[in-house]
file model31.txt (compact mmCIF, C-alpha atoms)
# COMPACT_ATOMS: atom_id res chain seq x y z
CA MET A 12 -25.83 -13.40 -63.67
CA ASN A 13 -24.59 -16.94 -64.00
CA SER A 14 -24.81 -18.57 -60.55
CA LEU A 15 -21.55 -20.47 -61.08
CA PHE A 16 -19.73 -17.19 -61.83
CA TYR A 17 -21.35 -15.61 -58.77
CA ARG A 18 -20.12 -18.38 -56.48
CA HIS A 19 -16.65 -18.17 -57.98
CA SER A 20 -16.51 -14.38 -57.67
CA VAL A 21 -17.54 -14.52 -54.02
CA ALA A 22 -14.98 -17.23 -53.30
CA GLN A 23 -12.29 -15.22 -55.10
CA TYR A 24 -13.23 -12.08 -53.15
CA GLU A 25 -12.91 -13.99 -49.87
CA SER A 26 -9.62 -15.53 -50.98
CA ASP A 27 -8.15 -12.16 -51.93
CA LEU A 28 -9.37 -10.59 -48.69
CA LEU A 29 -7.96 -13.47 -46.63
CA SER A 30 -4.56 -13.07 -48.30
CA LEU A 31 -4.66 -9.36 -47.46
CA VAL A 32 -5.68 -10.06 -43.85
CA HIS A 33 -2.77 -12.47 -43.48
CA SER A 34 -0.33 -9.88 -44.83
CA LEU A 35 -1.71 -7.13 -42.62
CA MET A 36 -1.68 -9.33 -39.52
CA LEU A 37 1.99 -10.09 -40.09
CA SER A 38 2.76 -6.40 -40.61
CA ILE A 39 1.37 -5.25 -37.23
CA LYS A 40 4.09 -4.16 -34.77
CA ASP A 41 4.08 -3.72 -31.01
CA THR A 42 4.07 0.04 -31.51
CA ASP A 43 0.68 -0.27 -33.29
CA LEU A 44 -0.89 -1.52 -30.06
CA TYR A 45 -0.45 1.66 -28.02
CA LEU A 46 -4.04 2.88 -28.45
CA VAL A 47 -5.91 0.46 -26.23
CA LYS A 48 -8.31 0.22 -23.33
CA ALA A 49 -6.85 1.33 -20.04
CA GLY A 50 -5.42 -1.83 -18.48
CA LEU A 51 -5.92 -5.18 -20.16
CA CYS A 52 -7.72 -4.91 -23.50
CA ASN A 53 -8.14 -8.59 -24.43
CA ALA A 54 -6.56 -8.07 -27.89
CA SER A 55 -8.85 -5.14 -28.79
CA CYS A 56 -5.73 -3.25 -29.84
CA ILE A 57 -4.86 -5.97 -32.37
CA ARG A 58 -8.36 -5.97 -33.84
CA PHE A 59 -8.51 -2.18 -34.10
CA SER A 60 -5.06 -2.10 -35.69
CA LEU A 61 -6.21 -4.60 -38.32
CA VAL A 62 -9.47 -2.69 -38.93
CA LYS A 63 -7.52 0.53 -39.44
CA LEU A 64 -5.33 -1.14 -42.07
CA LEU A 65 -8.31 -2.75 -43.81
CA ARG A 66 -10.14 0.58 -44.01
CA LEU A 67 -7.02 2.22 -45.44
CA ALA A 68 -7.12 -0.51 -48.09
CA GLY A 69 -10.71 0.46 -48.97
CA TYR A 70 -12.71 -2.17 -47.06
CA ASP A 71 -15.77 -1.40 -44.93
CA ALA A 72 -14.36 -3.10 -41.84
CA ALA A 73 -15.23 -2.58 -38.18
CA VAL A 74 -14.78 -4.15 -34.77
CA CYS A 75 -18.07 -5.69 -33.64
CA ALA A 76 -18.73 -5.76 -29.90
CA SER A 77 -21.39 -8.32 -28.97
CA ARG A 78 -23.02 -8.88 -25.60
CA TRP A 79 -25.53 -11.40 -24.30
CA GLN A 80 -27.34 -12.21 -21.06
CA GLY A 81 -26.87 -15.52 -19.32
CA GLY A 82 -29.73 -17.86 -18.59
CA GLY A 83 -30.04 -21.47 -17.53
CA LYS A 84 -26.77 -23.21 -18.40
CA LEU A 85 -25.67 -20.38 -20.69
CA PRO A 86 -23.20 -17.99 -19.05
CA GLY A 87 -23.54 -14.34 -20.02
CA GLY A 88 -20.64 -12.61 -21.69
CA ASP A 89 -19.30 -10.28 -24.34
CA TYR A 90 -16.99 -10.69 -27.30
CA GLU A 91 -15.26 -8.76 -30.08
CA TYR A 92 -14.62 -9.77 -33.66
CA ILE A 93 -14.27 -8.02 -37.02
CA ASP A 94 -16.71 -7.84 -39.92
CA VAL A 95 -16.42 -6.58 -43.49
CA ILE A 96 -19.48 -5.38 -45.38
CA HIS A 97 -19.26 -6.23 -49.07
CA SER A 98 -21.56 -5.28 -51.96
CA ASN A 99 -21.30 -8.07 -54.52
CA ASN A 100 -21.82 -7.82 -58.27
CA GLY A 101 -25.49 -8.76 -57.89
CA GLY A 102 -26.14 -5.66 -55.79
CA SER A 103 -26.85 -7.51 -52.54
CA ILE A 104 -24.95 -6.90 -49.31
CA GLU A 105 -22.83 -9.62 -47.75
CA ARG A 106 -21.35 -9.56 -44.25
CA LEU A 107 -18.11 -11.46 -43.78
CA ILE A 108 -16.84 -12.41 -40.33
CA ILE A 109 -13.15 -12.22 -39.40
CA ASP A 110 -11.91 -13.85 -36.21
CA ILE A 111 -8.18 -13.39 -35.70
CA ASP A 112 -7.73 -16.25 -33.20
CA PHE A 113 -10.25 -18.83 -34.35
CA ARG A 114 -8.58 -22.05 -33.19
CA SER A 115 -8.36 -20.95 -29.56
CA HIS A 116 -12.16 -21.20 -29.21
CA PHE A 117 -11.93 -24.98 -29.53
CA GLU A 118 -8.87 -25.87 -27.46
CA ILE A 119 -9.81 -28.37 -24.76
CA ALA A 120 -8.00 -30.20 -22.00
CA ARG A 121 -6.57 -33.69 -22.57
CA ALA A 122 -7.76 -33.81 -26.18
CA VAL A 123 -7.49 -37.18 -27.93
CA ASP A 124 -5.31 -37.47 -31.03
CA SER A 125 -8.26 -37.49 -33.43
CA TYR A 126 -9.49 -34.20 -32.00
CA ASP A 127 -6.05 -32.61 -32.29
CA ARG A 128 -5.98 -33.56 -35.97
CA ILE A 129 -9.35 -31.89 -36.54
CA LEU A 130 -8.27 -28.82 -34.57
CA LYS A 131 -5.23 -28.37 -36.79
CA LEU A 132 -7.51 -28.29 -39.83
CA LEU A 133 -9.10 -25.08 -38.58
CA PRO A 134 -7.70 -21.83 -39.95
CA VAL A 135 -5.72 -19.60 -37.61
CA VAL A 136 -7.81 -16.68 -38.88
CA TYR A 137 -11.42 -17.38 -39.82
CA LEU A 138 -12.87 -15.36 -42.70
CA GLY A 139 -16.25 -16.21 -44.16
CA SER A 140 -20.01 -16.07 -43.85
CA MET A 141 -22.04 -16.49 -40.68
CA ASN A 142 -23.65 -19.65 -42.10
CA ARG A 143 -20.28 -21.30 -42.70
CA LEU A 144 -19.15 -20.26 -39.24
CA LYS A 145 -22.22 -21.91 -37.72
CA GLN A 146 -21.35 -25.19 -39.47
CA TYR A 147 -17.79 -25.05 -38.11
CA LEU A 148 -19.15 -24.53 -34.58
CA GLN A 149 -21.54 -27.48 -34.82
CA VAL A 150 -18.83 -29.85 -36.05
CA MET A 151 -16.25 -28.75 -33.48
CA VAL A 152 -18.66 -28.95 -30.52
CA GLU A 153 -19.62 -32.52 -31.44
CA ALA A 154 -15.94 -33.43 -31.84
CA ALA A 155 -15.14 -31.83 -28.46
CA LYS A 156 -17.95 -33.78 -26.78
CA SER A 157 -16.60 -37.02 -28.21
CA SER A 158 -13.04 -36.25 -27.10
CA LEU A 159 -14.07 -35.26 -23.58
CA ASN A 160 -16.36 -38.29 -23.22
CA GLN A 161 -13.42 -40.57 -23.94
CA ASN A 162 -11.70 -39.01 -20.92
CA SER A 163 -14.88 -39.07 -18.78
CA MET A 164 -14.96 -35.27 -18.76
CA PRO A 165 -18.02 -33.05 -19.22
CA LEU A 166 -18.26 -30.33 -21.84
CA PRO A 167 -17.65 -26.96 -20.09
CA PRO A 168 -20.45 -24.39 -20.53
CA TRP A 169 -18.05 -22.03 -22.34
CA ARG A 170 -17.42 -24.75 -24.96
CA SER A 171 -21.11 -25.43 -25.58
CA LEU A 172 -22.71 -24.66 -28.93
CA ALA A 173 -25.05 -22.08 -27.38
CA TYR A 174 -22.17 -20.17 -25.79
CA LEU A 175 -20.02 -20.24 -28.93
CA GLN A 176 -22.89 -19.13 -31.13
CA ALA A 177 -23.65 -16.27 -28.73
CA LYS A 178 -20.25 -14.73 -29.46
CA TRP A 179 -21.08 -14.08 -33.12
CA HIS A 180 -24.89 -14.26 -33.22
CA SER A 181 -25.73 -11.88 -30.37
CA PRO A 182 -26.67 -8.21 -30.89
CA TYR A 183 -23.58 -6.17 -31.64
CA GLN A 184 -22.34 -2.65 -32.28
CA ARG A 185 -19.80 -1.75 -34.97
CA HIS A 186 -16.87 0.42 -33.95
CA LEU A 187 -14.39 2.00 -36.36
CA SER A 188 -12.01 3.13 -33.63
CA PRO A 189 -11.68 2.74 -29.86
CA ASP A 190 -14.19 4.72 -27.84
CA GLU A 191 -12.47 7.78 -26.39
CA GLN A 192 -14.07 7.26 -22.98
CA ASP A 193 -12.92 3.67 -22.65
CA PHE A 194 -9.62 3.79 -24.51
CA SER A 195 -6.51 5.77 -23.74
CA SER A 196 -2.85 5.87 -24.62
CA THR A 197 -0.94 3.70 -22.15
CA LYS A 198 2.64 2.83 -21.42
CA SER A 199 4.22 -0.02 -23.33
CA TYR A 200 4.27 -2.37 -20.32
CA ASP A 201 0.45 -2.36 -20.36
CA HIS A 202 0.67 -4.10 -23.74
CA LYS A 203 2.70 -7.09 -22.58
CA GLN A 204 -0.15 -9.60 -22.81
CA CYS A 205 -1.39 -8.25 -26.15
CA SER A 206 2.14 -8.18 -27.51
CA GLU A 207 2.55 -11.84 -26.54
CA ASN A 208 -0.81 -12.66 -28.16
CA LEU A 209 0.25 -10.88 -31.33
CA LYS A 210 3.53 -12.80 -31.53
CA ARG A 211 1.72 -16.10 -30.92
CA LEU A 212 -0.83 -15.37 -33.65
CA GLN A 213 1.85 -14.27 -36.10
CA SER A 214 3.89 -17.40 -35.40
CA ARG A 215 0.88 -19.67 -36.02
CA LEU A 216 -0.04 -17.73 -39.13
CA ARG A 217 3.47 -18.00 -40.57
CA SER A 218 3.42 -21.76 -39.95
CA GLU A 219 0.07 -22.07 -41.74
CA ILE A 220 1.30 -20.00 -44.70
CA ASP A 221 4.53 -22.02 -44.93
CA GLU A 222 2.49 -25.23 -44.95
CA GLU A 223 0.32 -23.88 -47.76
CA ARG A 224 3.39 -23.01 -49.80
CA LEU A 225 4.77 -26.52 -49.40
CA LEU A 226 1.48 -28.08 -50.52
CA LYS A 227 0.62 -25.58 -53.24
CA PRO A 228 0.63 -27.11 -56.73
CA MET A 229 2.67 -25.32 -59.38
CA ASN A 230 0.83 -22.61 -61.34
CA ASP A 231 -2.44 -23.02 -59.43
CA ASN A 232 -3.71 -19.53 -58.70
CA ASN A 233 -6.92 -20.85 -57.12
CA TRP A 234 -5.12 -23.02 -54.58
CA ARG A 235 -6.35 -21.10 -51.53
CA VAL A 236 -9.98 -21.29 -52.71
CA LYS A 237 -9.71 -25.02 -53.33
CA ARG A 238 -7.93 -25.65 -50.03
CA GLU A 239 -10.65 -23.84 -48.07
CA ARG A 240 -13.35 -25.83 -49.89
CA ARG A 241 -11.58 -29.12 -49.09
CA ARG A 242 -11.13 -28.11 -45.45
CA HIS A 243 -14.80 -27.19 -45.12
CA SER A 244 -15.99 -30.32 -46.94
CA PHE A 245 -13.86 -32.51 -44.68
CA LEU A 246 -15.20 -30.91 -41.51
CA ARG A 247 -18.78 -31.26 -42.71
CA GLY A 248 -18.18 -34.94 -43.39
CA LEU A 249 -17.01 -35.71 -39.85
call {"tool": "encode", "arguments": {"input": "model31.txt", "output": "C-alpha cells"}}
result
Amino acid sequence: MNSLFYRHSVAQYESDLLSLVHSLMLSIKDTDLYLVKAGLCNASCIRFSLVKLLRLAGYDAAVCASRWQGGGKLPGGDYEYIDVIHSNNGGSIERLIIDIDFRSHFEIARAVDSYDRILKLLPVVYLGSMNRLKQYLQVMVEAAKSSLNQNSMPLPPWRSLAYLQAKWHSPYQRHLSPDEQDFSSTKSYDHKQCSENLKRLQSRLRSEIDEERLLKPMNDNNWRVKRERRRHSFLRGL
C-alpha cells in the first residue's frame, strides 16, 4: 500500500471519528448520567455514556481505568479515559486515545499570557495516538515550567511529566459498562457535579466548533485534518 495513502486514510479516519465524538458529546443529556458510581463518579458517567454511543455506532470503544503506584516524587493515582481499537487497511491494529477534558490537565495558577495562548491551542477533546499524546505532554510540561518560573513558583508534582504520562501509560483495564458492584442507579441530585462538568465541556466544545466554522475555508473538506496538523506542528516547534 502506498505510504502516503496510508497516512491520509489514518488521518481521515481520526478526523471522521473526532467529528462523531464531538456530535455525540453534544448530544448527551443529564438523563444519560443516571447510571454512575454511588456518590461522586468523577465524570465516569459521561465517559460511559459516550462509549455506549460509540459502540452503537460500530466502534470498538471502552473506558480504560489505569492505576499506578507512587514512588519518590511521583504521587500514586488512578485515571479513566476512553480508547478505540481500529484495524486499518494494512491489517495492523491501532489504538486511539480519547480524553474528553484534555485542556484541564494543563491549567495552572497565575499563567503568563504566552502560556494561555498555548493552552488555547489544545483541543477540548483529545483524539489520537499514544505517541502524539506523549509529544503534547512534553511540550505542555516545559511550557508550564517556564510560566511558573516567571512567577517564582515550582511545578506541582501532579503537573510533572511523569505524573501526566502515568495517567495514560500505566497498566489499564478496559470496561464496556460500569461494574455492577461499584455502580448503581442514583438520584438526580447525585449527578450535580457531573452535570456541571458536562455543561462546561459542551460549552467549550461548541466554542471550539464555532471557531473552526469561522476559520474554515470554503469547499475544503479536509480542513479538520489540516488544522490538527498545523496545531501539532506549532506545538512541536515551541
call {"tool": "residues_around", "arguments": {"input": "model31.txt", "residues": "segment 210-216 of chain A", "least_positions_apart": "5", "cutoff": "7 Å", "atoms": "all atoms listed in the file", "output": "list in words"}}
result
Met36, Leu37, Asp112 and Val135 of chain A
call {"tool": "residues_around", "arguments": {"input": "model31.txt", "residues": "segment 178-180 of chain A", "least_positions_apart": "6", "cutoff": "7 Å", "atoms": "only C-alpha atoms", "output": "JSON list (two decimals) with C-alpha atoms, keeping the file's coordinate frame"}}
result
[["chain", "number", "residue", "atom", "x", "y", "z"],
["A", 77, "SER", "CA", -21.39, -8.32, -28.97],
["A", 89, "ASP", "CA", -19.30, -10.28, -24.34],
["A", 90, "TYR", "CA", -16.99, -10.69, -27.30]]
call {"tool": "residues_around", "arguments": {"input": "model31.txt", "residues": "Gly69 of chain A", "least_positions_apart": "6", "cutoff": "12 Å", "atoms": "all atoms listed in the file", "output": "ChimeraX atom specification"}}
result
/A:28,31,62-63,95-97
call {"tool": "write_last_selection", "arguments": {"input": "model31.txt", "atoms": "C-alpha atoms", "output": "PDB file, in the coordinates of the input"}}
result
ATOM      1  CA  LEU A  28      -9.370 -10.590 -48.690  1.00  0.00           C
ATOM      2  CA  LEU A  31      -4.660  -9.360 -47.460  1.00  0.00           C
ATOM      3  CA  VAL A  62      -9.470  -2.690 -38.930  1.00  0.00           C
ATOM      4  CA  LYS A  63      -7.520   0.530 -39.440  1.00  0.00           C
ATOM      5  CA  VAL A  95     -16.420  -6.580 -43.490  1.00  0.00           C
ATOM      6  CA  ILE A  96     -19.480  -5.380 -45.380  1.00  0.00           C
ATOM      7  CA  HIS A  97     -19.260  -6.230 -49.070  1.00  0.00           C
TER       8      HIS A  97
END
call {"tool": "atom_distance", "arguments": {"input": "model31.txt", "atom1": "atom CA of Asp127 of chain A", "atom2": "atom CA of Asp94 of chain A"}}
result
28.0 Å
call {"tool": "closest_residue", "arguments": {"input": "model31.txt", "among": "A:Val150, A:Tyr183, A:Asp221, A:Asn208", "to": "Ile39 of chain A", "atoms": "only C-alpha atoms"}}
result
A:Asn208
call {"tool": "atom_distance", "arguments": {"input": "model31.txt", "atom1": "atom CA of Asn162 of chain A", "atom2": "atom CA of Glu219 of chain A"}}
result
29.3 Å
call {"tool": "axis_aligned_box", "arguments": {"input": "model31.txt", "around": "segment 150-164 of chain A", "padding_each_side": "3 Å", "output": "lines of an AutoDock Vina configuration file"}}
result
center_x = -15.7
center_y = -34.7
center_z = -27.4
size_x = 13.9
size_y = 17.8
size_z = 23.3
call {"tool": "atom_distance", "arguments": {"input": "model31.txt", "atom1": "atom CA of Trp169 of chain A", "atom2": "atom CA of Leu132 of chain A"}}
result
21.4 Å
call {"tool": "closest_residue", "arguments": {"input": "model31.txt", "among": "A:Ile93, A:Leu159, A:Leu133, A:Ile119", "to": "Tyr147 of chain A", "atoms": "only C-alpha atoms"}}
result
A:Leu133
call {"tool": "closest_residue", "arguments": {"input": "model31.txt", "among": "A:Cys205, A:Ala76, A:Leu148, A:Leu29", "to": "Ser188 of chain A", "atoms": "only C-alpha atoms"}}
result
A:Ala76
call {"tool": "residues_around", "arguments": {"input": "model31.txt", "residues": "Ser163 of chain A", "least_positions_apart": "3", "cutoff": "12 Å", "atoms": "all atoms listed in the file", "output": "PyMOL selection string"}}
result
chain A and resi 120-123+156-160+166
call {"tool": "residues_near_point", "arguments": {"input": "model31.txt", "point": "(-18.9, -0.3, -32.2)", "cutoff": "8 Å", "atoms": "only C-alpha atoms", "output": "list in words"}}
result
Ala73, Val74, Cys75, Ala76, Tyr183, Gln184, Arg185, His186, Leu187 and Ser188 of chain A
call {"tool": "decode", "arguments": {"input": "model31.txt", "residues": "segment 137-167 of chain A", "atoms": "C-alpha atoms", "output": "compact mmCIF listing (two decimals), in the first residue's frame"}}
result
# COMPACT_ATOMS: atom_id res chain seq x y z
CA TYR A 137 -8.05 14.86 22.51
CA LEU A 138 -8.26 12.04 19.96
CA GLY A 139 -5.13 10.44 18.58
CA SER A 140 -2.26 8.04 19.08
CA MET A 141 -0.30 7.50 22.28
CA ASN A 142 2.87 8.79 20.59
CA ARG A 143 1.24 12.07 19.64
CA LEU A 144 -0.18 12.38 23.14
CA LYS A 145 3.30 11.95 24.61
CA GLN A 146 4.59 14.82 22.45
CA TYR A 147 1.76 17.07 23.65
CA LEU A 148 2.62 16.26 27.27
CA GLN A 149 6.31 17.03 26.82
CA VAL A 150 5.61 20.41 25.20
CA MET A 151 3.00 21.46 27.75
CA VAL A 152 5.10 20.48 30.78
CA GLU A 153 8.03 22.54 29.50
CA ALA A 154 5.71 25.48 28.83
CA ALA A 155 4.19 25.14 32.32
CA LYS A 156 7.67 25.11 33.90
CA SER A 157 8.57 28.29 32.05
CA SER A 158 5.33 30.03 33.06
CA LEU A 159 5.64 29.04 36.72
CA ASN A 160 9.33 30.02 36.85
CA GLN A 161 8.41 33.52 35.72
CA ASN A 162 6.20 33.74 38.81
CA SER A 163 8.80 32.07 41.08
CA MET A 164 6.51 29.08 41.54
CA PRO A 165 7.52 25.40 41.49
CA LEU A 166 5.94 22.83 39.21
CA PRO A 167 3.42 20.80 41.30
